[in-house]
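Peer 1: Have a look at this one before I ask anything.
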Amino acid sequence: MNSAIRNRLLLILFIFSLGVYALLPSIRYALMDDNDISNLSEEQLNYFETKSIKQGLDLKGGIYIVLEVDLPQLVDNLAKNKDKKFNEFLEKLRNDYNDSTLDFFTLFEDEAEKREIKLPRYFISYGKTKEQIISELSLQSDDSIKRVIEIIQNRVDQFGVSEPTIQKQGNNRVIVELAGIKDPERARDLLQSTALLELMIVKNIESTTSLIRQIDNVAKGSIEDNEEGIDELFSEQESSQNLSFSSKLISVGGDLAVSSDELLSLKEIIGQDEVKQILEATNSLILTSNSSINLINDFGEEEEFYRLYHLFDNAELTGGVIEDAQMRLSQSGVTAGQAVVQVEMNSEGSREWARITGANINNRIAIVLDRKVHMAPVIRSQIFGGGTVIEGLDSIEEAEDIAIVLRAGALPVPVNIAEERTVGASLGADSVSQGTLSMIIGLFLVVIFLVIFYRLSGLIASFSVMWTLILLLGVLALLEATLTLPGIAGLILTVGMSVDANVIIFERIKEELRNGKSVRSAIDSGYERAITTIVDANLTTGIAAAVLYQYGSGPIKGFATVLFWGIVVSMFTAIIVTRFIFDFTTSSRNIEKLSI
């Protein structure tokens, strides 16, 4: 064996060994059953999941969610100096948009013209004319969707989902595909949570009593002497008067609470226009607790209640100042052993937090996440350093999810789930088995074709085709790529392209043999004449794969990845590997006839 052939042999063996080594974790992991996987340590499981070829949603199962950005709420958030006329316009716009397929800002413009809404009155900072304002609002909408995608990407990454698909659809929707999710409900909550953290001061008992009295007067029309009944709410005694608002409340440890059965009717009262005006005039906000408590009612039955909080309707501090949030297990006090979220603020937030706590000693401050109060502790002293703790969480999973969304940031606008599909594990397994079967059948038919038409040379080509698949799967494992059904189609296409290259080479060799050349000379000429055609064909396909990868998303990108690396690997096996086998065979002995 001369040095040139030996060097090529060493190169081929090295590449083959690298491909097999990269593919081994995937093979070992695929052969494990559920019991074997459950016995793996966390480190071993992480190794196999990292080194193995990942399966996409259509193979592994998971959830497919379409999130719709609440554009009417975005417009509501951006508007200033809102009045009843604007609120009615926005409510009509929201209803029309939910029942229509038209573009939101087209409906916005038409409805504004019908109602003669003077847009500069509410959006003066976005322009002086209707066209300028609508154009700027549209830009704000696009920017909000980009931020939504970025924040959801950050949340999903921290949630631990491998290779998620997150992409924009239309002008107000985001598609999210999460493969292998075992807790869809938790994932939905994580995606949909706005994660708006607000720190708000709780109003004192006197202000709360006055507010309830005003709401009662509005809700019932006229109540003449209800002070005694309202005061009893704060004295651990049940109110004896049938008040329309206060009668729905009880006192629990100095806080007000409402039964879960009365919660809807209480919110309806708060949603009345007259009550909204009272809340706005008194700078008040009424929120419920995040979790419920169970109490024994007068009939000796357990009943579910939610605490009610009367807050100043302006956040002293928001989640924008959060630098880090981590789930911890409390080490002291009555919450020892319970999951809490340790929040650290940036320098600006630390200064504000010290100012707020210093100015409100002995007052309560509510920690509000997505308009739900998680806790409302009393400020005992000024707090420096920007650290605080969120308690009152139901589980470690809830604490972890809250920490994730706080680190990733709040969504700039609420999102709703417009569509949801769950791909079960059985469907994923069927997809895998059918895709694998189709690839095996295709490979078998290709091998038969090669052997029938090209005899012994066809066996050499079949050898190269099989190694093309092995090396390609090894490359995908090294790249930590995700394999989907389109990816399997790319694998099958790679087999066809690899065979195509061998067919061109073999036909060139047969042509040279018919012209009377020797076997050695025919092989050399066949490869030299075929290589230009092979490179040209694969180069154009490679360009198409690059374009698909650049502008495609999700499964399209997966297909483009398999196609591109399939081109590279198939050219290596078709040109270098088969050429080496022919050279090695003809160099060791004088062959006068080639089986081709």
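In the structure tokens, each chain is lettered A, B, ... as it comes, each chain's residues begin at 1, and ligands are numbered from 1 in order of appearance.
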Do you know which residues are at most 9 Å from segment 20-34 of chain A counting only C-alpha atoms, after dropping those on the same chain fewer than 5 positions away, and could you put them as a ChimeraX atom specification?
Peer 2: /A:15,39,47-49,51-54,470-471,473-478
Peer 1: Can you write out the residues you just picked, keeping N, CA and C atoms, as a CSV table (one decimal), in the first residue's frame?
Peer 2:
```csv
chain,number,residue,atom,x,y,z
A,15,ILE,N,-12.8,9.8,10.0
A,15,ILE,CA,-14.1,10.4,9.9
A,15,ILE,C,-15.2,9.4,10.2
A,39,ASN,N,-33.8,5.1,35.9
A,39,ASN,CA,-32.7,4.8,36.8
A,39,ASN,C,-31.4,5.6,36.6
A,47,TYR,N,-26.5,14.1,30.1
A,47,TYR,CA,-25.5,13.8,29.0
A,47,TYR,C,-26.2,13.2,27.8
A,48,PHE,N,-27.1,12.2,28.0
A,48,PHE,CA,-27.8,11.6,26.9
A,48,PHE,C,-28.7,12.6,26.1
A,49,GLU,N,-29.4,13.4,26.9
A,49,GLU,CA,-30.3,14.4,26.2
A,49,GLU,C,-29.5,15.4,25.5
A,51,LYS,N,-26.3,15.0,24.1
A,51,LYS,CA,-25.5,14.4,23.1
A,51,LYS,C,-26.4,13.6,22.0
A,52,SER,N,-27.6,13.3,22.3
A,52,SER,CA,-28.5,12.6,21.4
A,52,SER,C,-29.1,13.5,20.4
A,53,ILE,N,-29.5,12.9,19.3
A,53,ILE,CA,-30.3,13.7,18.3
A,53,ILE,C,-31.7,14.0,18.9
A,54,LYS,N,-32.0,15.2,18.9
A,54,LYS,CA,-33.3,15.6,19.5
A,54,LYS,C,-34.4,15.4,18.5
A,470,ILE,N,-25.1,7.1,8.2
A,470,ILE,CA,-24.5,7.0,9.5
A,470,ILE,C,-23.7,8.3,9.8
A,471,LEU,N,-23.0,8.8,8.8
A,471,LEU,CA,-22.2,10.1,9.0
A,471,LEU,C,-23.1,11.3,9.2
A,473,LEU,N,-26.3,11.3,10.3
A,473,LEU,CA,-26.9,11.3,11.7
A,473,LEU,C,-25.8,11.7,12.7
A,474,GLY,N,-24.6,11.3,12.5
A,474,GLY,CA,-23.5,11.7,13.5
A,474,GLY,C,-23.3,13.2,13.4
A,475,VAL,N,-23.4,13.8,12.2
A,475,VAL,CA,-23.2,15.3,12.1
A,475,VAL,C,-24.4,16.0,12.9
A,476,LEU,N,-25.6,15.4,12.7
A,476,LEU,CA,-26.8,16.0,13.4
A,476,LEU,C,-26.6,15.9,14.9
A,477,ALA,N,-26.1,14.8,15.4
A,477,ALA,CA,-25.9,14.7,16.8
A,477,ALA,C,-24.8,15.7,17.3
A,478,LEU,N,-23.7,15.9,16.5
A,478,LEU,CA,-22.7,16.8,16.9
A,478,LEU,C,-23.2,18.3,16.9
```
Peer 1: Just want the 8 Å neighbourhood of segment 82-97 of chain A, counted on only C-alpha atoms, with same-chain residues fewer than 4 positions away dropped. Output as a list in words.
Peer 2: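 My list of contacting residues is Pro72, Asp76, Thr101, Leu102, Phe104, Leu107, Phe108, Glu111, Ala112, Arg115, Ile117 and Tyr122 of chain A.
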Peer 1: Might you pull out every residue within 9 Å of segment 487-491 of chain A, with only C-alpha atoms counted and same-chain residues fewer than 3 positions away left off, and present them as a PyMOL selection string?
Peer 2: chain A and resi 435-436+439+469+472-473+482-484+494-496+555-563+566
Peer 1: Can you spit out the residues from that selection as a compact mmCIF listing (two decimals), in the first residue's frame, using N, CA and C atoms?
Peer 2:
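That gives us selection_24.txt:
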```
# COMPACT_ATOMS: atom_id res chain seq x y z
N GLY A 435 -41.66 6.90 9.75
CA GLY A 435 -40.56 7.57 9.07
C GLY A 435 -39.36 6.65 8.92
N THR A 436 -39.05 5.88 10.00
CA THR A 436 -37.93 4.95 9.95
C THR A 436 -38.19 3.85 8.93
N MET A 439 -37.70 5.05 5.42
CA MET A 439 -36.29 5.21 5.09
C MET A 439 -35.64 3.84 4.81
N LEU A 469 -25.66 7.79 5.47
CA LEU A 469 -26.68 7.96 6.51
C LEU A 469 -26.06 7.99 7.90
N LEU A 472 -24.20 11.28 8.37
CA LEU A 472 -25.14 12.41 8.44
C LEU A 472 -25.82 12.46 9.81
N LEU A 473 -26.25 11.31 10.32
CA LEU A 473 -26.86 11.29 11.65
C LEU A 473 -25.83 11.69 12.71
N THR A 482 -32.32 19.18 15.73
CA THR A 482 -33.59 18.53 16.01
C THR A 482 -34.10 17.86 14.74
N LEU A 483 -34.45 16.59 14.86
CA LEU A 483 -34.93 15.82 13.71
C LEU A 483 -36.46 15.83 13.70
N THR A 484 -37.04 16.22 12.59
CA THR A 484 -38.49 16.24 12.41
C THR A 484 -38.85 15.38 11.20
N THR A 494 -31.24 12.68 0.71
CA THR A 494 -29.78 12.54 0.70
C THR A 494 -29.37 11.20 0.10
N VAL A 495 -30.12 10.15 0.45
CA VAL A 495 -29.84 8.83 -0.13
C VAL A 495 -29.94 8.89 -1.66
N GLY A 496 -31.01 9.52 -2.15
CA GLY A 496 -31.19 9.65 -3.59
C GLY A 496 -30.07 10.43 -4.25
N PRO A 555 -39.64 23.47 11.16
CA PRO A 555 -39.35 22.28 10.36
C PRO A 555 -38.62 22.59 9.06
N ILE A 556 -38.88 23.76 8.47
CA ILE A 556 -38.19 24.13 7.23
C ILE A 556 -36.69 24.26 7.48
N LYS A 557 -36.33 24.88 8.59
CA LYS A 557 -34.91 24.99 8.94
C LYS A 557 -34.31 23.61 9.17
N GLY A 558 -35.08 22.73 9.84
CA GLY A 558 -34.59 21.38 10.08
C GLY A 558 -34.34 20.64 8.78
N PHE A 559 -35.25 20.78 7.84
CA PHE A 559 -35.08 20.14 6.52
C PHE A 559 -33.85 20.71 5.82
N ALA A 560 -33.68 22.04 5.87
CA ALA A 560 -32.53 22.68 5.21
C ALA A 560 -31.22 22.22 5.82
N THR A 561 -31.19 22.05 7.15
CA THR A 561 -29.97 21.59 7.82
C THR A 561 -29.59 20.19 7.35
N VAL A 562 -30.57 19.29 7.34
CA VAL A 562 -30.31 17.91 6.89
C VAL A 562 -29.88 17.91 5.43
N LEU A 563 -30.55 18.71 4.60
CA LEU A 563 -30.23 18.75 3.18
C LEU A 563 -28.81 19.25 2.94
N GLY A 566 -26.31 16.78 4.24
CA GLY A 566 -26.42 15.59 3.40
C GLY A 566 -25.64 15.75 2.12
```
Peer 1: Using backbone DSSP assignments, extract all helix (DSSP H, G or I) residues from segment 80-311 of chain A; output them as a CSV table (one decimal) with N, CA and C atoms, in the first residue's frame.
Peer 2:
```csv
chain,number,residue,atom,x,y,z
A,84,LYS,N,-65.0,58.4,28.9
A,84,LYS,CA,-66.0,57.4,28.6
A,84,LYS,C,-66.2,57.1,27.1
A,85,LYS,N,-66.1,58.2,26.3
A,85,LYS,CA,-66.2,58.1,24.8
A,85,LYS,C,-65.2,57.2,24.3
A,86,PHE,N,-63.9,57.3,24.7
A,86,PHE,CA,-62.8,56.5,24.3
A,86,PHE,C,-63.0,55.0,24.7
A,87,ASN,N,-63.4,54.8,26.0
A,87,ASN,CA,-63.6,53.5,26.5
A,87,ASN,C,-64.7,52.8,25.7
A,88,GLU,N,-65.8,53.5,25.3
A,88,GLU,CA,-66.9,52.8,24.5
A,88,GLU,C,-66.3,52.5,23.1
A,89,PHE,N,-65.5,53.4,22.6
A,89,PHE,CA,-64.9,53.2,21.2
A,89,PHE,C,-64.0,51.9,21.3
A,90,LEU,N,-63.2,51.8,22.3
A,90,LEU,CA,-62.3,50.7,22.4
A,90,LEU,C,-63.1,49.4,22.7
A,91,GLU,N,-64.1,49.4,23.4
A,91,GLU,CA,-64.9,48.2,23.7
A,91,GLU,C,-65.6,47.7,22.4
A,92,LYS,N,-66.1,48.6,21.6
A,92,LYS,CA,-66.7,48.3,20.3
A,92,LYS,C,-65.7,47.7,19.4
A,93,LEU,N,-64.5,48.4,19.4
A,93,LEU,CA,-63.4,47.9,18.5
A,93,LEU,C,-62.9,46.5,18.9
A,94,ARG,N,-62.9,46.3,20.2
A,94,ARG,CA,-62.5,44.9,20.7
A,94,ARG,C,-63.5,43.8,20.2
A,95,ASN,N,-64.8,44.1,20.3
A,95,ASN,CA,-65.8,43.2,19.9
A,95,ASN,C,-65.7,42.9,18.4
A,96,ASP,N,-65.6,44.0,17.6
A,96,ASP,CA,-65.5,43.9,16.2
A,96,ASP,C,-64.3,43.1,15.7
A,97,TYR,N,-63.2,43.3,16.4
A,97,TYR,CA,-61.9,42.7,16.0
A,97,TYR,C,-62.0,41.2,16.3
A,98,ASN,N,-62.6,40.8,17.4
A,98,ASN,CA,-62.8,39.4,17.8
A,98,ASN,C,-63.6,38.6,16.8
A,104,PHE,N,-56.3,44.8,12.3
A,104,PHE,CA,-56.8,45.6,13.4
A,104,PHE,C,-56.8,47.1,13.2
A,105,PHE,N,-55.7,47.6,12.6
A,105,PHE,CA,-55.6,49.0,12.4
A,105,PHE,C,-56.5,49.6,11.3
A,106,THR,N,-57.0,48.7,10.4
A,106,THR,CA,-58.0,49.1,9.4
A,106,THR,C,-59.3,49.3,10.2
A,107,LEU,N,-59.7,48.3,11.1
A,107,LEU,CA,-60.9,48.5,11.9
A,107,LEU,C,-60.8,49.7,12.8
A,108,PHE,N,-59.6,49.9,13.4
A,108,PHE,CA,-59.3,51.0,14.3
A,108,PHE,C,-59.6,52.3,13.6
A,109,GLU,N,-59.1,52.5,12.3
A,109,GLU,CA,-59.3,53.7,11.6
A,109,GLU,C,-60.8,53.9,11.2
A,110,ASP,N,-61.4,52.8,10.8
A,110,ASP,CA,-62.9,52.9,10.4
A,110,ASP,C,-63.7,53.3,11.5
A,111,GLU,N,-63.5,52.6,12.7
A,111,GLU,CA,-64.3,52.9,13.8
A,111,GLU,C,-64.1,54.3,14.4
A,112,ALA,N,-62.9,54.8,14.3
A,112,ALA,CA,-62.5,56.1,14.8
A,112,ALA,C,-63.2,57.2,13.9
A,113,GLU,N,-63.3,56.9,12.6
A,113,GLU,CA,-64.0,57.9,11.7
A,113,GLU,C,-65.5,57.8,12.0
A,114,LYS,N,-66.1,56.6,12.2
A,114,LYS,CA,-67.5,56.5,12.5
A,114,LYS,C,-67.9,57.3,13.7
A,119,LEU,N,-58.2,61.4,17.5
A,119,LEU,CA,-57.1,60.6,18.0
A,119,LEU,C,-56.0,61.4,18.6
A,120,PRO,N,-55.6,62.6,18.1
A,120,PRO,CA,-54.6,63.4,18.8
A,120,PRO,C,-54.9,63.7,20.3
A,121,ARG,N,-56.1,63.7,20.7
A,121,ARG,CA,-56.5,64.0,22.1
A,121,ARG,C,-56.0,62.9,23.0
A,122,TYR,N,-55.9,61.6,22.4
A,122,TYR,CA,-55.5,60.5,23.3
A,122,TYR,C,-54.1,60.0,22.9
A,124,ILE,N,-51.4,62.1,21.5
A,124,ILE,CA,-50.7,63.3,21.0
A,124,ILE,C,-49.2,63.1,20.9
A,125,SER,N,-48.7,62.2,21.8
A,125,SER,CA,-47.2,61.9,21.7
A,125,SER,C,-46.8,61.1,20.5
A,126,TYR,N,-47.8,60.5,19.8
A,126,TYR,CA,-47.5,59.7,18.6
A,126,TYR,C,-47.8,60.4,17.3
A,130,LYS,N,-54.2,61.9,12.0
A,130,LYS,CA,-54.7,60.5,12.1
A,130,LYS,C,-53.7,59.5,11.5
A,131,GLU,N,-53.2,59.9,10.3
A,131,GLU,CA,-52.3,59.0,9.6
A,131,GLU,C,-51.0,58.7,10.4
A,132,GLN,N,-50.4,59.8,10.9
A,132,GLN,CA,-49.2,59.7,11.7
A,132,GLN,C,-49.4,58.8,13.0
A,133,ILE,N,-50.6,59.0,13.6
A,133,ILE,CA,-50.8,58.2,14.8
A,133,ILE,C,-51.0,56.8,14.5
A,134,ILE,N,-51.8,56.4,13.5
A,134,ILE,CA,-52.0,55.0,13.2
A,134,ILE,C,-50.7,54.4,12.7
A,135,SER,N,-49.9,55.1,12.0
A,135,SER,CA,-48.6,54.5,11.6
A,135,SER,C,-47.7,54.3,12.8
A,136,GLU,N,-47.7,55.2,13.7
A,136,GLU,CA,-46.8,55.0,14.9
A,136,GLU,C,-47.4,53.9,15.8
A,137,LEU,N,-48.7,53.8,15.9
A,137,LEU,CA,-49.3,52.7,16.7
A,137,LEU,C,-49.0,51.3,16.1
A,138,SER,N,-49.0,51.3,14.7
A,138,SER,CA,-48.7,50.1,14.0
A,138,SER,C,-47.2,49.7,14.3
A,139,LEU,N,-46.3,50.6,14.3
A,139,LEU,CA,-44.9,50.4,14.7
A,139,LEU,C,-44.8,49.9,16.1
A,140,GLN,N,-45.6,50.5,17.0
A,140,GLN,CA,-45.5,50.0,18.4
A,140,GLN,C,-46.0,48.6,18.5
A,141,SER,N,-47.0,48.3,17.7
A,141,SER,CA,-47.5,46.9,17.7
A,141,SER,C,-46.5,45.9,17.2
A,142,ASP,N,-45.8,46.2,16.1
A,142,ASP,CA,-44.7,45.3,15.6
A,142,ASP,C,-43.6,45.2,16.6
A,143,ASP,N,-43.2,46.3,17.3
A,143,ASP,CA,-42.2,46.2,18.3
A,143,ASP,C,-42.6,45.4,19.5
A,144,SER,N,-43.9,45.5,19.9
A,144,SER,CA,-44.4,44.7,21.0
A,144,SER,C,-44.3,43.2,20.7
A,145,ILE,N,-44.7,42.8,19.5
A,145,ILE,CA,-44.7,41.4,19.1
A,145,ILE,C,-43.2,40.9,19.1
A,146,LYS,N,-42.3,41.7,18.6
A,146,LYS,CA,-40.9,41.3,18.6
A,146,LYS,C,-40.4,41.1,20.1
A,147,ARG,N,-40.9,42.0,21.0
A,147,ARG,CA,-40.5,41.8,22.4
A,147,ARG,C,-41.2,40.6,23.0
A,148,VAL,N,-42.4,40.3,22.6
A,148,VAL,CA,-43.1,39.2,23.1
A,148,VAL,C,-42.3,37.9,22.7
A,149,ILE,N,-41.9,37.8,21.4
A,149,ILE,CA,-41.2,36.7,21.0
A,149,ILE,C,-39.9,36.5,21.7
A,150,GLU,N,-39.2,37.6,21.9
A,150,GLU,CA,-37.9,37.5,22.7
A,150,GLU,C,-38.1,37.1,24.1
A,151,ILE,N,-39.1,37.6,24.8
A,151,ILE,CA,-39.3,37.3,26.2
A,151,ILE,C,-39.8,35.8,26.3
A,152,ILE,N,-40.7,35.4,25.4
A,152,ILE,CA,-41.1,34.0,25.4
A,152,ILE,C,-40.0,33.0,25.1
A,153,GLN,N,-39.1,33.4,24.2
A,153,GLN,CA,-37.9,32.6,24.0
A,153,GLN,C,-37.0,32.5,25.2
A,154,ASN,N,-36.8,33.6,25.9
A,154,ASN,CA,-36.1,33.5,27.2
A,154,ASN,C,-36.7,32.6,28.2
A,155,ARG,N,-38.0,32.7,28.3
A,155,ARG,CA,-38.8,31.9,29.3
A,155,ARG,C,-38.6,30.4,29.0
A,156,VAL,N,-38.8,30.1,27.7
A,156,VAL,CA,-38.8,28.7,27.3
A,156,VAL,C,-37.4,28.1,27.5
A,157,ASP,N,-36.3,29.0,27.2
A,157,ASP,CA,-35.0,28.5,27.3
A,157,ASP,C,-34.7,28.1,28.8
A,158,GLN,N,-35.2,29.0,29.7
A,158,GLN,CA,-35.0,28.7,31.1
A,158,GLN,C,-35.9,27.6,31.6
A,159,PHE,N,-37.0,27.3,30.9
A,159,PHE,CA,-37.9,26.2,31.3
A,159,PHE,C,-37.3,24.9,31.0
A,184,PRO,N,-48.2,20.2,30.1
A,184,PRO,CA,-48.7,21.2,29.3
A,184,PRO,C,-49.4,22.4,30.0
A,185,GLU,N,-50.1,22.1,31.1
A,185,GLU,CA,-50.7,23.2,31.8
A,185,GLU,C,-49.7,24.2,32.4
A,186,ARG,N,-48.6,23.7,32.9
A,186,ARG,CA,-47.6,24.6,33.4
A,186,ARG,C,-47.0,25.4,32.3
A,187,ALA,N,-46.8,24.8,31.2
A,187,ALA,CA,-46.2,25.5,30.0
A,187,ALA,C,-47.1,26.6,29.5
A,188,ARG,N,-48.4,26.3,29.5
A,188,ARG,CA,-49.4,27.3,29.1
A,188,ARG,C,-49.3,28.5,30.0
A,189,ASP,N,-49.3,28.3,31.3
A,189,ASP,CA,-49.3,29.4,32.3
A,189,ASP,C,-48.0,30.2,32.1
A,190,LEU,N,-46.9,29.5,31.8
A,190,LEU,CA,-45.6,30.2,31.7
A,190,LEU,C,-45.7,31.1,30.5
A,191,LEU,N,-46.2,30.6,29.4
A,191,LEU,CA,-46.3,31.4,28.1
A,191,LEU,C,-47.2,32.6,28.2
A,192,GLN,N,-48.4,32.3,28.9
A,192,GLN,CA,-49.4,33.3,28.9
A,192,GLN,C,-49.3,34.4,30.0
A,205,ILE,N,-57.2,51.2,57.2
A,205,ILE,CA,-58.6,50.7,57.4
A,205,ILE,C,-59.6,51.8,57.2
A,206,GLU,N,-59.3,53.0,57.7
A,206,GLU,CA,-60.2,54.2,57.5
A,206,GLU,C,-60.5,54.4,56.0
A,207,SER,N,-59.5,54.4,55.2
A,207,SER,CA,-59.8,54.6,53.8
A,207,SER,C,-60.6,53.5,53.2
A,208,THR,N,-60.3,52.3,53.6
A,208,THR,CA,-61.1,51.1,53.1
A,208,THR,C,-62.5,51.2,53.5
A,209,THR,N,-62.8,51.6,54.8
A,209,THR,CA,-64.2,51.7,55.3
A,209,THR,C,-64.9,52.7,54.5
A,210,SER,N,-64.3,53.9,54.2
A,210,SER,CA,-64.9,54.9,53.5
A,210,SER,C,-65.2,54.5,52.0
A,211,LEU,N,-64.3,53.8,51.4
A,211,LEU,CA,-64.5,53.3,50.1
A,211,LEU,C,-65.7,52.3,50.0
A,212,ILE,N,-65.7,51.4,50.9
A,212,ILE,CA,-66.8,50.4,50.9
A,212,ILE,C,-68.2,51.1,51.1
A,213,ARG,N,-68.2,52.1,52.0
A,213,ARG,CA,-69.4,52.9,52.2
A,213,ARG,C,-69.9,53.5,50.9
A,214,GLN,N,-69.0,54.1,50.1
A,214,GLN,CA,-69.3,54.8,48.9
A,214,GLN,C,-69.8,53.8,47.8
A,215,ILE,N,-69.1,52.6,47.8
A,215,ILE,CA,-69.5,51.6,46.8
A,215,ILE,C,-70.9,51.1,47.2
A,216,ASP,N,-71.2,50.9,48.5
A,216,ASP,CA,-72.5,50.4,48.9
A,216,ASP,C,-73.6,51.4,48.5
A,217,ASN,N,-73.3,52.7,48.7
A,217,ASN,CA,-74.3,53.7,48.3
A,217,ASN,C,-74.6,53.7,46.8
A,218,VAL,N,-73.5,53.5,46.0
A,218,VAL,CA,-73.7,53.4,44.6
A,218,VAL,C,-74.5,52.1,44.2
A,219,ALA,N,-74.0,51.0,44.7
A,219,ALA,CA,-74.5,49.7,44.3
A,219,ALA,C,-76.0,49.5,44.7
A,220,LYS,N,-76.4,50.0,45.9
A,220,LYS,CA,-77.7,49.8,46.4
A,220,LYS,C,-78.6,51.1,46.1
A,227,GLU,N,-72.7,52.5,58.8
A,227,GLU,CA,-71.3,52.6,59.3
A,227,GLU,C,-71.1,51.5,60.3
A,228,GLU,N,-72.1,51.1,61.1
A,228,GLU,CA,-71.9,50.0,62.1
A,228,GLU,C,-71.6,48.7,61.4
A,229,GLY,N,-72.3,48.4,60.3
A,229,GLY,CA,-72.1,47.1,59.6
A,229,GLY,C,-70.8,47.1,59.0
A,230,ILE,N,-70.2,48.2,58.4
A,230,ILE,CA,-68.9,48.2,57.8
A,230,ILE,C,-67.8,48.0,58.8
A,231,ASP,N,-68.0,48.7,59.9
A,231,ASP,CA,-66.9,48.7,61.0
A,231,ASP,C,-66.8,47.2,61.5
A,232,GLU,N,-67.9,46.5,61.5
A,232,GLU,CA,-67.9,45.1,62.0
A,232,GLU,C,-67.0,44.2,61.2
A,233,LEU,N,-66.8,44.6,59.9
A,233,LEU,CA,-66.0,43.8,59.1
A,233,LEU,C,-64.5,43.7,59.6
A,234,PHE,N,-64.1,44.7,60.3
A,234,PHE,CA,-62.7,44.7,60.9
A,234,PHE,C,-62.7,44.3,62.3
A,246,SER,N,-70.6,45.3,50.9
A,246,SER,CA,-70.0,44.9,52.2
A,246,SER,C,-70.5,43.6,52.7
A,247,SER,N,-71.8,43.2,52.4
A,247,SER,CA,-72.3,41.9,52.9
A,247,SER,C,-71.6,40.7,52.3
A,248,LYS,N,-70.9,40.9,51.2
A,248,LYS,CA,-70.2,39.8,50.5
A,248,LYS,C,-68.8,39.6,51.2
A,263,LEU,N,-67.3,35.8,44.4
A,263,LEU,CA,-66.2,36.5,43.8
A,263,LEU,C,-66.6,37.2,42.5
A,264,LEU,N,-67.4,36.4,41.7
A,264,LEU,CA,-67.8,36.9,40.4
A,264,LEU,C,-68.8,38.1,40.5
A,265,SER,N,-69.7,38.0,41.4
A,265,SER,CA,-70.7,39.1,41.6
A,265,SER,C,-70.0,40.3,42.2
A,266,LEU,N,-69.0,40.1,43.0
A,266,LEU,CA,-68.2,41.2,43.6
A,266,LEU,C,-67.5,42.0,42.5
A,267,LYS,N,-66.9,41.2,41.6
A,267,LYS,CA,-66.1,41.8,40.4
A,267,LYS,C,-67.1,42.6,39.5
A,268,GLU,N,-68.3,42.1,39.4
A,268,GLU,CA,-69.3,42.8,38.6
A,268,GLU,C,-69.6,44.1,39.2
A,269,ILE,N,-69.7,44.2,40.5
A,269,ILE,CA,-70.0,45.5,41.2
A,269,ILE,C,-68.8,46.4,40.9
A,270,ILE,N,-67.6,45.9,41.1
A,270,ILE,CA,-66.4,46.8,40.9
A,270,ILE,C,-66.3,47.2,39.5
A,273,ASP,N,-69.6,51.3,36.0
A,273,ASP,CA,-69.0,52.6,35.7
A,273,ASP,C,-69.0,53.6,36.9
A,274,GLU,N,-70.0,53.6,37.7
A,274,GLU,CA,-70.1,54.5,38.9
A,274,GLU,C,-69.0,54.1,39.9
A,275,VAL,N,-68.8,52.8,40.1
A,275,VAL,CA,-67.8,52.3,41.0
A,275,VAL,C,-66.4,52.6,40.5
A,276,LYS,N,-66.2,52.4,39.2
A,276,LYS,CA,-64.9,52.8,38.6
A,276,LYS,C,-64.6,54.2,38.8
A,277,GLN,N,-65.6,55.1,38.7
A,277,GLN,CA,-65.3,56.5,38.9
A,277,GLN,C,-64.9,56.8,40.4
A,278,ILE,N,-65.5,56.1,41.3
A,278,ILE,CA,-65.1,56.2,42.7
A,278,ILE,C,-63.7,55.8,42.9
A,279,LEU,N,-63.3,54.6,42.3
A,279,LEU,CA,-62.0,54.1,42.5
A,279,LEU,C,-61.0,55.1,41.9
A,280,GLU,N,-61.3,55.6,40.7
A,280,GLU,CA,-60.4,56.6,40.1
A,280,GLU,C,-60.3,57.8,40.9
A,281,ALA,N,-61.4,58.3,41.4
A,281,ALA,CA,-61.3,59.6,42.2
A,281,ALA,C,-60.5,59.4,43.5
```
Peer 1: Can you pull out the residues contacting Ser395 of chain A? Cut-off 12 Å, using only C-alpha atoms, and skip same-chain residues under 3 positions away; I want them as a list in words.
Peer 2: Ser291, Met327, Arg328, Leu329, Gly337, Gln338, Ala339, Val340, Val341, Glu391, Gly392, Glu398, Ala399, Glu400, Asp401 and Ile402 of chain A
Peer 1: By how many Å are atom CA of Glu177 of chain A and atom CA of Pro164 of chain A apart?
Peer 2: 5.8 Å
Peer 1: Fewer than 2 positions away in the same chain doesn't count, so skip those; otherwise give me all residues within 12 Å of Ser587 of chain A, counting only C-alpha atoms, as a list in words.
Peer 2: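 The residues satisfying every condition are Met1, Asn2, Ala4, Ile5, Arg6, Val519, Arg520, Ser521, Ile523, Arg579, Phe580, Ile581, Phe582, Asp583, Phe584, Thr585, Arg589, Asn590 and Ile591 of chain A.
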Peer 1: Restricting it to C-alpha atoms, dump the selection as a compact mmCIF listing (two decimals), in the first residue's frame.
Peer 2:
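The resulting again.txt:
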```txt
# COMPACT_ATOMS: atom_id res chain seq x y z
CA MET A 1 0.00 0.00 0.00
CA ASN A 2 1.53 3.30 -1.09
CA ALA A 4 -1.17 8.24 -0.68
CA ILE A 5 -3.66 5.41 -0.32
CA ARG A 6 -2.66 4.84 3.31
CA VAL A 519 -9.83 -0.51 -16.02
CA ARG A 520 -7.40 1.75 -14.19
CA SER A 521 -7.58 4.46 -16.87
CA ILE A 523 -11.79 4.70 -13.38
CA ARG A 579 -12.75 6.24 -5.26
CA PHE A 580 -10.54 4.94 -2.45
CA ILE A 581 -12.11 1.45 -2.69
CA PHE A 582 -11.56 1.35 -6.47
CA ASP A 583 -7.97 2.63 -6.14
CA PHE A 584 -7.16 0.20 -3.33
CA THR A 585 -8.56 -2.74 -5.33
CA ARG A 589 -3.52 -6.40 -8.48
CA ASN A 590 -3.88 -6.14 -12.23
CA ILE A 591 -7.64 -6.22 -12.95
```
